[in-house]
Structure formats: structure tokens, C-alpha cells
Amino acid sequence: MTLFYSDVFVLPLPSHHRFPMGKYLRLRERLLASNEFAERDFRVPEGATDQEITRAHCPRYLERVTRGDLDAAEIRAIGFPWSERMVERSRRSSGATLAAAREALARSWSANLAGGTHHAHRARGEGFCVFNDAAIAARAMQVEAGLQRVAIVDCDVHQGNGTASIFAGDDSVFTFSIHGARNFPFAKERSDLDIELPDGTGDDEYLWHLERGLDETLERSRPQLAIYLAGADPYEDDRLGRLKLTKRGLARRDDLVLGTLRARGIPVAITMAGGYARNIDDSVEIHANTLLAAQARWAS
């Protein structure tokens, strides 16, 4: 199995920045240490090309990002200082989800050890998201593989507002987001299916809603490919989360999503999405558990 990583492309962030850039390398190291994956299973992806990006994003937006022509308000909304390394990392992370989607169609599942940049809209970025990797991958698979139906299953604690806006009115890509009702983004977009949860939602209530939302998503969309955003940020000790899922609850979430997709024969490309635990190793453990669950599920 091939897992795609871009942790060698690191943004120059100030020491006090709240984005956990270090978790991606730690995740790859943890997976290697598990002995479930070998060195040959990990690959650096090609960056998404201009053509691939502009199937999901406005060409003028791509040009302005590439040239560093975003204004101060746009940079603040993204949350990263502009640099050539920011652009390269964003291309590589999108390329990783695209590569994982190709691999999933060939071998049932694959993953990007980053990605899940679901706040990027067609002509703007926000919330640590420059390019929308799931949207780029979905559009590419429609062109390259002739897919007519793709489902995006977004289990990040924040609504996938950028993804919802990019695919609004497009029946070929079904967007499902289960997220905190009172969390960022505070002005929500409309997904094909949104499940909004109150602060403090725990394991059992979350899983009850997720099971029904997932069933509805798959019945309505009949997807040929799923892209699963396996956010670690519903965790009870996540700084930006507001929900109360335990690690065991998040493992049950992964078992539910991955088990349902495998049982229905739906290939899945997994992305890590958010994870801002007070102890970074908690986010790393949750992300690693997702991938170990996938490995065990498809190896059985």
C-alpha cells in the first residue's frame, strides 16, 4: 500500500503559531515504528499542476497565490504567511490526495498523510487551507477515470464550507459534513448533507448521527469513490474542537466509516484533516490509528 506524504515541505512559521506543522513527520515516523508499513510504502507526491488545480479553483486565484499577490486580509484569512514554500507545500499536499485517489481506484484504499484542506473556496483560502485537495482530486478522477459519482465524507470537527461551495448544485459530487454547530466557520455553507452537533457531544451521540448520515450519503450518492476526511479534532482535548469524543470513540468512528465503505466495495482515499490537541502526540496517535485501522480492514 502506498501512503503519500509531504512533511519534507515545511512552512516557515513563527514559534507561537497554533498550526501543528510538526505532527506530519511524527505521524510518518509513528507508522513506520508500528511495523505495519515499510519504507517502500511511503512516497512523496508530485505537486498538483495548474491544470489540476484550476478544475476546482479560479485561475486568477491560483495566479495570485503563486505570485504572492494576495492582500493582507486574504493572508490573515488563510492563517499562513505567504512564501514560496507555502505554495509548494499546498501543491504537494493537494497532489498527495490526488495520488491517493488514483491509488484507491487501483487498490481499494490509500491515504495522504496530510490534506483535508476543506476551507479553501474556489477563489479564496481560509482556515489554514490554500487549495482544496478533495475538490482537486474529485475533479481529476472525473476527468482521468471517468467517474460520475464521488462522495466526500467530512468528519473534521469544522464544516467543510469550501468543499460545499465548490460543489454547490453539482450532483456528481456529494458533500457530507458532520461538525460542531457553533464552531468555525461561523457562517456555514450548505453541503448536500450537514449534521450539526452541539458543544460537548460525546462518542455515542456522535456515532448515532454519523451512522445515519453515512447511510444517507451512500444511498443518495452511490459513489464510485469516497474521499474521507478523518479529522482528529473532534477529540475531547483538542484546542479547537468543542466536541468530547474519546480516542476510543474516534477509533469506532474510523471502523464505522471504513467498514461501511469496504463492505459496499467503495474505494476510499483518506486524508488527515484537522488535529490540534493540547498534546501534539494525541493528534498523531489518532491519525495513526485511522491508517492502522484501514490497513487492518483491507488486509483481512
# chains A, B, ... in the order shown; residues from 1 in each chain; ligands from 1
$ closest_atom_pairs --of "range 86-187 of chain A" --to "range 27-37 of chain A" --cutoff "12 Å" --atoms "only C-alpha atoms" --output "tab-separated table"
residue	atom	partner	partner_atom	distance
A:Ala111	CA	A:Arg28	CA	11.7
A:Asn112	CA	A:Arg28	CA	10.6
A:Leu113	CA	A:Arg28	CA	7.4
A:Ala114	CA	A:Leu27	CA	9.4
$ residues_around --residues "Arg92 in chain A" --least-positions-apart "3" --cutoff "6 Å" --atoms "only C-alpha atoms" --output "ChimeraX atom specification"
/A:47,89,95
$ closest_residue --among "A:Asp281, A:Glu219, A:Asp154, A:Asp170" --to "Val257 in chain A" --atoms "only C-alpha atoms"
A:Asp154
$ select_by_dssp --residues "range 110-283 of chain A" --states "strand (DSSP E)" --output "ChimeraX atom specification"
/A:110-112,150-154,173-180,193-197,225-229,268-271
$ write_last_selection --atoms "N, CA and C atoms" --output "short mmCIF file (atom, residue, chain, number, x, y, z; two decimals), in the first residue's frame"
data_model
loop_
_atom_site.label_atom_id
_atom_site.label_comp_id
_atom_site.auth_asym_id
_atom_site.auth_seq_id
_atom_site.Cartn_x
_atom_site.Cartn_y
_atom_site.Cartn_z
N SER A 110 -6.06 4.21 -0.10
CA SER A 110 -4.77 4.86 0.03
C SER A 110 -4.97 6.09 0.88
N ALA A 111 -3.89 6.80 1.18
CA ALA A 111 -4.02 7.95 2.07
C ALA A 111 -2.98 9.02 1.79
N ASN A 112 -3.38 10.23 2.11
CA ASN A 112 -2.49 11.38 2.20
C ASN A 112 -2.23 11.60 3.68
N VAL A 150 -18.88 10.85 -6.96
CA VAL A 150 -17.87 10.87 -5.89
C VAL A 150 -18.55 11.37 -4.61
N ALA A 151 -18.22 10.77 -3.48
CA ALA A 151 -18.73 11.25 -2.19
C ALA A 151 -17.56 11.74 -1.34
N ILE A 152 -17.74 12.89 -0.72
CA ILE A 152 -16.76 13.42 0.23
C ILE A 152 -17.38 13.32 1.62
N VAL A 153 -16.76 12.48 2.45
CA VAL A 153 -17.24 12.22 3.82
C VAL A 153 -16.33 12.97 4.77
N ASP A 154 -16.83 14.07 5.30
CA ASP A 154 -16.01 15.01 6.05
C ASP A 154 -16.31 14.91 7.54
N VAL A 173 -20.83 15.24 -7.32
CA VAL A 173 -20.01 15.14 -6.10
C VAL A 173 -20.92 15.44 -4.91
N PHE A 174 -21.07 14.44 -4.04
CA PHE A 174 -21.94 14.57 -2.87
C PHE A 174 -21.07 14.97 -1.68
N THR A 175 -21.46 16.04 -1.00
CA THR A 175 -20.69 16.54 0.14
C THR A 175 -21.47 16.29 1.43
N PHE A 176 -20.85 15.56 2.34
CA PHE A 176 -21.41 15.26 3.66
C PHE A 176 -20.44 15.76 4.71
N SER A 177 -20.94 16.60 5.62
CA SER A 177 -20.10 17.15 6.69
C SER A 177 -20.82 16.98 8.02
N ILE A 178 -20.14 16.34 8.98
CA ILE A 178 -20.63 16.23 10.34
C ILE A 178 -19.69 17.03 11.23
N HIS A 179 -20.21 18.03 11.93
CA HIS A 179 -19.32 19.03 12.54
C HIS A 179 -20.01 19.73 13.71
N GLY A 180 -19.22 20.51 14.43
CA GLY A 180 -19.75 21.30 15.53
C GLY A 180 -20.57 22.47 15.03
N LEU A 193 -25.39 17.23 2.60
CA LEU A 193 -25.90 16.77 3.89
C LEU A 193 -25.00 17.34 4.98
N ASP A 194 -25.59 18.12 5.87
CA ASP A 194 -24.90 18.66 7.04
C ASP A 194 -25.53 18.09 8.30
N ILE A 195 -24.69 17.61 9.21
CA ILE A 195 -25.15 17.24 10.55
C ILE A 195 -24.38 18.12 11.52
N GLU A 196 -25.11 19.00 12.22
CA GLU A 196 -24.51 19.95 13.14
C GLU A 196 -24.74 19.48 14.57
N LEU A 197 -23.67 19.41 15.33
CA LEU A 197 -23.72 18.84 16.67
C LEU A 197 -23.45 19.91 17.73
N LEU A 225 -16.19 6.44 -5.75
CA LEU A 225 -15.02 6.76 -4.94
C LEU A 225 -15.48 7.61 -3.77
N ALA A 226 -14.92 7.35 -2.58
CA ALA A 226 -15.14 8.21 -1.42
C ALA A 226 -13.82 8.85 -1.02
N ILE A 227 -13.90 10.09 -0.62
CA ILE A 227 -12.76 10.79 -0.02
C ILE A 227 -13.14 11.06 1.44
N TYR A 228 -12.38 10.48 2.36
CA TYR A 228 -12.71 10.52 3.79
C TYR A 228 -11.76 11.47 4.51
N LEU A 229 -12.31 12.55 5.06
CA LEU A 229 -11.54 13.49 5.86
C LEU A 229 -11.64 13.05 7.32
N VAL A 268 -11.59 4.16 -1.23
CA VAL A 268 -11.53 5.34 -0.39
C VAL A 268 -10.12 5.92 -0.36
N ALA A 269 -10.04 7.22 -0.54
CA ALA A 269 -8.81 7.98 -0.32
C ALA A 269 -8.98 8.73 1.00
N ILE A 270 -8.06 8.53 1.92
CA ILE A 270 -8.16 9.09 3.26
C ILE A 270 -7.23 10.30 3.38
N THR A 271 -7.73 11.36 4.00
CA THR A 271 -6.88 12.50 4.35
C THR A 271 -7.00 12.74 5.85
#
$ atom_distance --atom1 "CA of Trp109 in chain A" --atom2 "CA of Met21 in chain A"
25.0 Å
$ residues_around --residues "range 144-146 of chain A" --least-positions-apart "3" --cutoff "9 Å" --atoms "only C-alpha atoms" --output "JSON, numbers by chain"
{"A": [102, 105, 139, 140, 141]}
